[in-house]
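Visitor: One structure is given below, represented as structure tokens, and several questions about it will come after.
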Amino acid sequence: MSHVPPQDPNDPRFRPYRRGMLGLYLVLTVVFCLHLIVSVFRSTGEMTFSPAGEAHAPRPDAECAAGLRTLWGELEVQRGEMSSPSALAADQRFLSFRAQWFPRFRALEASCVPGRPAQGELFRALEKLADLYTTLAVRYAGEAGPTVEGLRMGLEAVR
């Protein structure tokens with residue numbers, strides 16, 4: 001048997017290839033990181049709702065209270081429907097609902113709150129509740145969702 005001498009890992013013949021692979025690695029890493037950063041900023045921008053502008057004439061208290069009750073009722077309906085039709089998609093359904101719900105919330109807030117601190121407290125409480133329900137939907141889909149769907153499929157199989 002012939003003896004094969006060990007190859008030097010720092011062999012100068014491979015230097016251009018090592019440089020090329022390092023350059024390719026760095027370019028791909030930077031592109032991936034930039035894509036990730038842009039996606040996070042875009043998603044955050046879509047889910048951040050700034051207060052609407054000042055309304056010209058404030059609504060009466062009864063109308064504001066009715067609007068708050070309606071918005072709260074919509075939140076409650078969405079919370080109650082987290083497991084139907086699929087518990088695994090509860091977070092996506094709730095986030096989609098939230099994206100269309102929040103602009104209406106901000107519009108009502110802008111037309112009701114100016115100069116009324118008591119109503120401002122009610123709007124802050126409803127906004128906090130919407131945030132808590134969002135957290136609940138995400139946790140429900142990720143933690144309870146698989147168990148709920150497994151139970152649902154098991155009961156369907158027994159029928």
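So you can find residues: chains in the structure tokens are A, B, ... in the order shown, residues in each start at 1, and ligands are numbered from 1 in order.
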Neighbours of range 85-99 of chain A within 6 Å (only C-alpha atoms; same-chain residues fewer than 6 positions away dropped), as number ranges by chain?

Guide: A: 137-138, 141, 145

Visitor: Write a file of the just-selected residues containing C-alpha atoms, as a short mmCIF file (atom, residue, chain, number, x, y, z; two decimals), in the first residue's frame.

Guide:
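See again12.cif below for the written result:
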data_model
loop_
_atom_site.label_atom_id
_atom_site.label_comp_id
_atom_site.auth_asym_id
_atom_site.auth_seq_id
_atom_site.Cartn_x
_atom_site.Cartn_y
_atom_site.Cartn_z
CA ALA A 137 -55.80 33.97 20.35
CA VAL A 138 -52.11 33.41 19.63
CA ALA A 141 -53.88 28.49 18.53
CA GLY A 145 -55.34 24.33 19.26
#

Visitor: Could you tell me which of A:Pro9, A:Pro103, A:Pro16, A:Pro60 comes closest to Thr48 in chain A if we count only C-alpha atoms?

Guide: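 Closest candidate: A:Pro103.
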
Visitor: Restricting the calculation to only C-alpha atoms, which member of A:Ser83, A:Gly67, A:Pro58, A:Leu26 is positioned closest to Thr147 in chain A?

Guide: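 Once distances to Thr147 in chain A are computed over only C-alpha atoms, the minimum belongs to A:Ser83.
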
Visitor: Pick out the closest residue to Leu75 in chain A from this set: A:Glu121, A:Leu22, A:Ser43, A:Tyr133. Count only C-alpha atoms.

Guide: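 Going through A:Glu121, A:Leu22, A:Ser43, A:Tyr133 one by one, the smallest distance to Leu75 in chain A is for A:Tyr133.
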
Visitor: Choose the residue, out of A:Glu149, A:Arg15, A:Leu71, A:Glu81, that has the smallest atom-to-atom separation from Arg104 in chain A; count only C-alpha atoms.

Guide: A:Leu71

Visitor: Report the distance between CA of Val38 in chain A and CA of Phe102 in chain A in Å, rounded to one decimal place.

Guide: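 One can read the CA of Val38 in chain A to CA of Phe102 in chain A distance as 23.2 Å.
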
Visitor: Could you give me, as an NGL selection string, each residue of range 54-128 of chain A that DSSP assigns to alpha helix (DSSP H) when run on this structure's backbone?

Guide: :A and (61-80 or 90-112 or 117-128)

Visitor: Kindly indicate which residue among A:Val30, A:Phe105, A:Asp11, A:Leu155 lies nearest to Arg69 in chain A, using only C-alpha atoms for the distances.

Guide: A:Phe105

Visitor: Need the shell around range 118-120 of chain A: protein/DNA/RNA residues with any atom at most 10 Å away, counting only C-alpha atoms. Skip same-chain ones fewer than 4 positions apart. Format as a compact mmCIF listing (two decimals) with N, CA and C atoms, in the first residue's frame?

Guide:
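As written to disk, part.txt reads:
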# COMPACT_ATOMS: atom_id res chain seq x y z
N ASP A 61 -72.65 61.56 24.51
CA ASP A 61 -72.18 60.47 25.37
C ASP A 61 -72.91 59.16 25.08
N CYS A 64 -71.56 57.55 21.96
CA CYS A 64 -70.22 56.99 22.20
C CYS A 64 -70.32 55.68 22.99
N ALA A 65 -71.17 55.66 24.00
CA ALA A 65 -71.35 54.44 24.80
C ALA A 65 -71.90 53.32 23.93
N LEU A 68 -69.09 52.01 21.78
CA LEU A 68 -68.18 51.18 22.58
C LEU A 68 -68.80 49.80 22.83
N GLU A 109 -63.01 56.64 18.76
CA GLU A 109 -62.25 57.29 19.83
C GLU A 109 -62.01 58.77 19.52
N ALA A 110 -61.65 59.06 18.27
CA ALA A 110 -61.36 60.44 17.89
C ALA A 110 -62.61 61.31 17.97
N CYS A 112 -65.14 60.83 20.08
CA CYS A 112 -65.76 60.79 21.41
C CYS A 112 -64.89 61.34 22.53
N VAL A 113 -63.61 61.09 22.52
CA VAL A 113 -62.75 61.33 23.67
C VAL A 113 -62.34 62.78 23.92
N PRO A 114 -62.15 63.63 22.91
CA PRO A 114 -61.60 64.95 23.21
C PRO A 114 -62.35 65.68 24.33
N ARG A 124 -59.31 53.25 26.61
CA ARG A 124 -58.05 52.58 26.96
C ARG A 124 -58.31 51.16 27.46
N ALA A 125 -59.38 51.00 28.24
CA ALA A 125 -59.72 49.66 28.74
C ALA A 125 -60.09 48.73 27.59
N LEU A 126 -60.86 49.22 26.63
CA LEU A 126 -61.25 48.39 25.48
C LEU A 126 -60.03 48.06 24.62

Visitor: For a quick check of understanding, using only C-alpha atoms, which of A:Gly154, A:Arg79, A:Cys33, A:Pro146 has the smallest distance to Asp131 in chain A?

Guide: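 Using only C-alpha atoms, the shortest distance to Asp131 in chain A belongs to A:Arg79.
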